[in-house]
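> Here you go, input-v8.tsv (TSV, C-alpha atoms and all ligand atoms):
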```tsv
chain	number	residue	atom	x	y	z
A	1	MET	CA	133.78	111.09	104.66
A	2	LYS	CA	131.33	112.15	101.99
A	3	VAL	CA	128.31	113.89	103.46
A	4	LEU	CA	125.26	114.30	101.22
A	5	GLY	CA	122.62	116.89	102.09
A	6	ILE	CA	119.20	116.44	100.50
A	7	VAL	CA	116.52	119.05	101.12
A	8	GLY	CA	112.87	118.88	100.13
A	9	GLY	CA	110.27	121.61	100.20
A	10	ALA	CA	109.75	124.42	97.75
A	11	LYS	CA	112.30	126.96	98.99
A	12	ARG	CA	115.94	127.29	98.03
A	13	ASP	CA	116.79	129.43	101.04
A	14	GLY	CA	114.16	128.49	103.62
A	15	ASN	CA	114.40	127.24	107.18
A	16	THR	CA	115.13	123.66	106.22
A	17	VAL	CA	117.92	124.53	103.79
A	18	ARG	CA	119.47	126.80	106.42
A	19	LEU	CA	119.67	124.01	109.01
A	20	VAL	CA	120.98	121.40	106.59
A	21	GLU	CA	123.58	123.91	105.36
A	22	GLU	CA	124.72	124.39	108.94
A	23	VAL	CA	125.17	120.63	109.51
A	24	LEU	CA	127.18	120.47	106.27
A	25	ALA	CA	129.26	123.49	107.30
A	26	GLY	CA	130.16	121.68	110.53
A	27	ALA	CA	131.09	118.54	108.60
A	28	LYS	CA	133.23	120.59	106.20
A	29	GLU	CA	134.97	122.32	109.10
A	30	VAL	CA	136.34	118.99	110.30
A	31	GLY	CA	137.47	117.94	106.83
A	32	HIS	CA	134.55	116.01	105.34
A	33	GLU	CA	133.49	116.44	101.72
A	34	THR	CA	129.97	117.87	101.47
A	35	ILE	CA	127.37	118.36	98.76
A	36	LEU	CA	123.90	119.84	99.03
A	37	LEU	CA	121.13	118.91	96.59
A	38	LYS	CA	117.83	120.80	96.68
A	39	LEU	CA	115.01	118.67	95.38
A	40	VAL	CA	113.21	121.78	94.13
A	41	ASP	CA	115.90	121.95	91.42
A	42	ILE	CA	115.73	118.27	90.43
A	43	GLN	CA	112.70	116.82	88.72
A	44	ILE	CA	111.97	113.37	90.05
A	45	GLY	CA	108.79	111.52	89.28
A	46	HIS	CA	106.76	108.71	90.73
A	47	LEU	CA	107.29	104.98	90.64
A	48	GLY	CA	105.24	103.23	87.99
A	49	ASP	CA	104.15	99.73	87.14
A	50	ARG	CA	104.30	97.62	83.98
A	51	ASN	CA	102.67	94.22	84.19
A	52	GLY	CA	103.31	93.96	87.89
A	53	GLU	CA	106.88	95.18	87.67
A	54	THR	CA	107.91	98.45	89.27
A	55	THR	CA	109.17	101.00	86.75
A	56	PHE	CA	111.30	104.08	87.26
A	57	PRO	CA	110.93	107.23	85.19
A	58	LYS	CA	114.05	108.52	83.42
A	59	ASP	CA	114.60	111.76	85.23
A	60	GLY	CA	116.75	113.74	87.64
A	61	PHE	CA	117.12	110.81	90.04
A	62	ASP	CA	119.92	109.58	87.79
A	63	GLU	CA	122.04	112.59	88.74
A	64	ILE	CA	121.50	111.88	92.46
A	65	LYS	CA	122.49	108.21	92.25
A	66	PRO	CA	126.31	108.68	92.22
A	67	TYR	CA	126.06	110.82	95.35
A	68	ILE	CA	123.87	108.27	97.10
A	69	GLU	CA	126.09	105.37	96.18
A	70	SER	CA	129.21	107.08	97.52
A	71	MET	CA	127.79	108.75	100.63
A	72	ASP	CA	129.03	107.99	104.13
A	73	ALA	CA	126.35	110.17	105.72
A	74	LEU	CA	123.00	111.60	104.65
A	75	VAL	CA	121.53	114.80	106.06
A	76	LEU	CA	117.89	114.71	105.03
A	77	GLY	CA	115.90	117.92	105.51
A	78	ALA	CA	112.15	118.22	105.07
A	79	PRO	CA	109.60	120.86	105.93
A	80	ILE	CA	106.40	119.38	107.28
A	81	TRP	CA	103.51	119.64	104.87
A	82	PHE	CA	100.12	118.35	105.90
A	83	SER	CA	101.56	116.59	108.96
A	84	THR	CA	104.21	114.62	107.10
A	85	VAL	CA	107.35	115.27	105.08
A	86	ASP	CA	106.79	117.47	102.01
A	87	SER	CA	105.95	115.83	98.70
A	88	ARG	CA	109.42	116.13	97.15
A	89	THR	CA	111.02	114.38	100.13
A	90	HIS	CA	108.35	111.69	100.00
A	91	VAL	CA	108.98	111.01	96.34
A	92	PHE	CA	112.75	110.98	96.96
A	93	ILE	CA	112.37	108.39	99.73
A	94	GLN	CA	110.11	106.23	97.59
A	95	ARG	CA	112.52	106.37	94.67
A	96	LEU	CA	115.09	104.68	96.94
A	97	TYR	CA	113.14	101.53	96.12
A	98	TYR	CA	115.62	101.37	93.23
A	99	TYR	CA	118.12	100.09	95.82
A	100	SER	CA	115.75	97.65	97.44
A	101	ARG	CA	116.60	93.95	97.23
A	102	TYR	CA	112.95	93.39	96.30
A	103	TYR	CA	113.64	95.32	93.11
A	104	SER	CA	117.23	94.39	92.33
A	105	GLU	CA	119.92	92.53	94.29
A	106	GLU	CA	122.49	94.14	92.02
A	107	ASN	CA	121.29	97.65	92.83
A	108	LYS	CA	121.13	96.72	96.51
A	109	SER	CA	124.85	95.95	96.41
A	110	ARG	CA	125.48	99.58	95.42
A	111	TRP	CA	123.61	100.94	98.46
A	112	PRO	CA	126.04	102.40	101.06
A	113	GLU	CA	125.28	100.03	103.93
A	114	GLY	CA	126.04	101.55	107.33
A	115	ALA	CA	125.86	105.21	106.24
A	116	LYS	CA	124.95	107.65	108.98
A	117	ALA	CA	121.72	109.63	108.89
A	118	VAL	CA	120.73	113.00	110.31
A	119	ASN	CA	117.12	114.11	109.99
A	120	VAL	CA	116.03	117.73	109.93
A	121	ILE	CA	112.39	118.77	110.07
A	122	THR	CA	110.95	122.28	110.29
A	123	TYR	CA	107.36	123.34	110.71
A	124	GLY	CA	104.91	126.02	111.81
A	125	ASP	CA	103.26	124.39	114.82
A	126	ASP	CA	104.75	125.51	118.14
A	127	ASP	CA	104.84	122.05	119.76
A	128	PRO	CA	108.39	120.64	119.47
A	129	HIS	CA	107.08	117.07	119.73
A	130	ILE	CA	103.96	117.15	117.60
A	131	TYR	CA	105.72	115.46	114.66
A	132	ASP	CA	107.72	112.92	116.66
A	133	SER	CA	105.83	110.24	114.75
A	134	VAL	CA	107.29	111.58	111.49
A	135	LEU	CA	110.78	111.33	112.97
A	136	ALA	CA	110.03	107.82	114.21
A	137	TRP	CA	108.95	106.85	110.70
A	138	LEU	CA	112.08	108.38	109.15
A	139	LYS	CA	114.30	106.60	111.68
A	140	ASP	CA	112.54	103.31	111.08
A	141	SER	CA	112.97	103.68	107.30
A	142	GLU	CA	116.66	104.46	107.78
A	143	ARG	CA	117.12	101.46	110.05
A	144	ARG	CA	115.56	99.28	107.36
A	145	TRP	CA	118.05	100.72	104.90
A	146	GLY	CA	120.89	99.71	107.22
A	147	MET	CA	121.65	103.30	108.17
A	148	LYS	CA	122.67	104.57	111.59
A	149	ASN	CA	120.55	107.47	112.80
A	150	ILE	CA	122.80	109.92	114.55
A	151	GLU	CA	120.55	112.85	115.37
A	152	CYS	CA	117.29	114.56	114.62
A	153	ILE	CA	117.03	118.34	114.46
A	154	VAL	CA	113.61	119.91	114.94
A	155	ALA	CA	112.68	123.54	114.29
A	156	GLU	CA	109.12	124.20	115.38
A	157	ASN	CA	107.21	127.48	115.11
A	158	THR	CA	109.21	128.69	112.11
A	159	GLY	CA	106.56	131.30	111.26
A	160	GLU	CA	107.27	133.25	114.45
A	161	ARG	CA	110.79	132.00	115.06
A	162	PRO	CA	112.62	131.53	111.77
A	163	VAL	CA	115.69	129.34	111.99
A	164	ASN	CA	118.01	132.20	111.00
A	165	ALA	CA	117.34	133.94	114.32
A	166	ARG	CA	117.94	130.83	116.46
A	167	MET	CA	121.63	130.84	117.25
A	168	GLY	CA	121.42	127.93	119.71
A	169	LEU	CA	119.72	125.70	117.17
A	170	LEU	CA	122.16	126.67	114.42
A	171	LYS	CA	125.08	125.91	116.73
A	172	ARG	CA	123.60	122.50	117.56
A	173	ALA	CA	123.24	121.77	113.83
A	174	ARG	CA	126.88	122.75	113.24
A	175	ASP	CA	128.06	120.64	116.18
A	176	ILE	CA	126.18	117.63	114.84
A	177	GLY	CA	127.96	118.14	111.51
A	178	LYS	CA	131.32	118.29	113.26
A	179	LYS	CA	130.67	115.03	115.09
A	180	LEU	CA	129.58	113.06	112.04
B	1	LIG	C1	101.85	123.30	101.76
B	1	LIG	C2	102.28	123.52	103.19
B	1	LIG	C3	101.79	122.69	104.18
B	1	LIG	C4	102.19	122.87	105.50
B	1	LIG	N1	101.70	122.02	106.45
B	1	LIG	C5	102.11	122.18	107.74
B	1	LIG	C6	101.64	121.28	108.76
B	1	LIG	O1	100.89	120.35	108.51
B	1	LIG	N2	102.06	121.50	110.03
B	1	LIG	C7	102.90	122.53	110.38
B	1	LIG	O2	103.22	122.68	111.56
B	1	LIG	N3	103.38	123.38	109.42
B	1	LIG	C8	103.01	123.22	108.13
B	1	LIG	N4	103.49	124.07	107.16
B	1	LIG	C9	104.52	125.08	107.51
B	1	LIG	C10	105.93	124.64	107.12
B	1	LIG	O3	106.20	123.34	107.59
B	1	LIG	C11	106.99	125.60	107.68
B	1	LIG	O4	106.74	126.89	107.23
B	1	LIG	C12	108.38	125.12	107.32
B	1	LIG	O5	109.32	125.61	108.26
B	1	LIG	C13	108.77	125.56	105.93
B	1	LIG	O6	110.10	125.19	105.68
B	1	LIG	P1	110.96	125.97	104.57
B	1	LIG	O7	111.18	127.37	105.08
B	1	LIG	O8	112.23	125.19	104.49
B	1	LIG	O9	110.18	125.91	103.32
B	1	LIG	C14	103.10	123.92	105.83
B	1	LIG	C15	103.57	124.75	104.82
B	1	LIG	C16	103.17	124.56	103.51
B	1	LIG	C17	103.71	125.48	102.42
```
Can the structure from this file be put into structure tokens for me?


Amino acid sequence: MKVLGIVGGAKRDGNTVRLVEEVLAGAKEVGHETILLKLVDIQIGHLGDRNGETTFPKDGFDEIKPYIESMDALVLGAPIWFSTVDSRTHVFIQRLYYYSRYYSEENKSRWPEGAKAVNVITYGDDDPHIYDSVLAWLKDSERRWGMKNIECIVAENTGERPVNARMGLLKRARDIGKKL
């Protein structure tokens, strides 16, 4: 299987990256092919409009497309910013409109129907359920895209309890990767 990790946020080595890396390490351990893309390193812009038709900027999304089109599983990691996924993750999700049948049936045929999805969110609040609505939204979006949500990984209170020090959580992330 090809497992694609996509991480939003502004950090290259933050809590979210750490957890997604651990899922990918588990997947690699059992023989899957893995790749991690950090959105902080890829410039992707907003959808536009020309005379009522959605337009797509020419940008770094082009380099992500081959990975999307060949993925069997997506591990999507996002820090929570202002009570939702960070801006880079938001833009990434919205750029998937490229594969929507409302935009192009031909592009839609290149979407990997049935791919698995693992969601990772990390945040500062100490309530492990406070952003359940964000997870519900992510799962609903993935269901609409014909994906199968496997697991969600939540790291709350990352200010006081950074992911690196949470061995149980890291093990769970690795186990999820192994079971993909
Ligand atoms: C701009 C910004 C907005 C944030 N908004 C929230 C928030 O609404 N709720 C929350 O619990 N944490 C919030 N945080 C904290 C981050 O979600 C938390 O530090 C997260 O684990 C960072 O992940 P990273 O280490 O991968 O960057 C915010 C952080 C930043 C930088």

> Show me which residues line ligand LIG 1 (chain B), defined as having an atom within 12 Å of a ligand atom where all atoms listed in the file count, and present them as an MDAnalysis selection string.

chainID A and resid 6:21 38:40 76:89 120:132 134 154:164

> Residues near range 169-174 of chain A, anyone? I mean within 7 Å using all atoms listed in the file, not counting same-chain ones fewer than 4 positions away, as a PyMOL selection string.

chain A and resi 19+22-23+25-26+178

> Counting only C-alpha atoms, which residues come within 10 Å of (107.4, 103.7, 92.4), with the point read in the file's coordinates, and could you list them as a compact mmCIF listing (two decimals) with C-alpha atoms, in the frame of the given file?


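Here's the written file point-v1.txt:
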```txt
# COMPACT_ATOMS: atom_id res chain seq x y z
CA GLY A 45 108.79 111.52 89.28
CA HIS A 46 106.76 108.71 90.73
CA LEU A 47 107.29 104.98 90.64
CA GLY A 48 105.24 103.23 87.99
CA ASP A 49 104.15 99.73 87.14
CA GLU A 53 106.88 95.18 87.67
CA THR A 54 107.91 98.45 89.27
CA THR A 55 109.17 101.00 86.75
CA PHE A 56 111.30 104.08 87.26
CA PRO A 57 110.93 107.23 85.19
CA VAL A 91 108.98 111.01 96.34
CA GLN A 94 110.11 106.23 97.59
CA ARG A 95 112.52 106.37 94.67
CA LEU A 96 115.09 104.68 96.94
CA TYR A 97 113.14 101.53 96.12
CA TYR A 98 115.62 101.37 93.23
```

> Nearest to Val75 in chain A among A:Val3, A:Leu37, A:Ile93, A:Ala27, with distances taken over all atoms listed in the file: which residue is it?

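Of all the options, A:Val3 lies closest to Val75 in chain A.
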
> I'd like the box whose edges run along x, y and z of the file and which contains every listed atom of range 142-161 of chain A, padded by 6 Å per side; could you state its centre and edge lengths in Å, one decimal, as JSON?


```
{"center_x": 114.7, "center_y": 116.3, "center_z": 110.1, "size_x": 28.2, "size_y": 46.0, "size_z": 22.5}
```
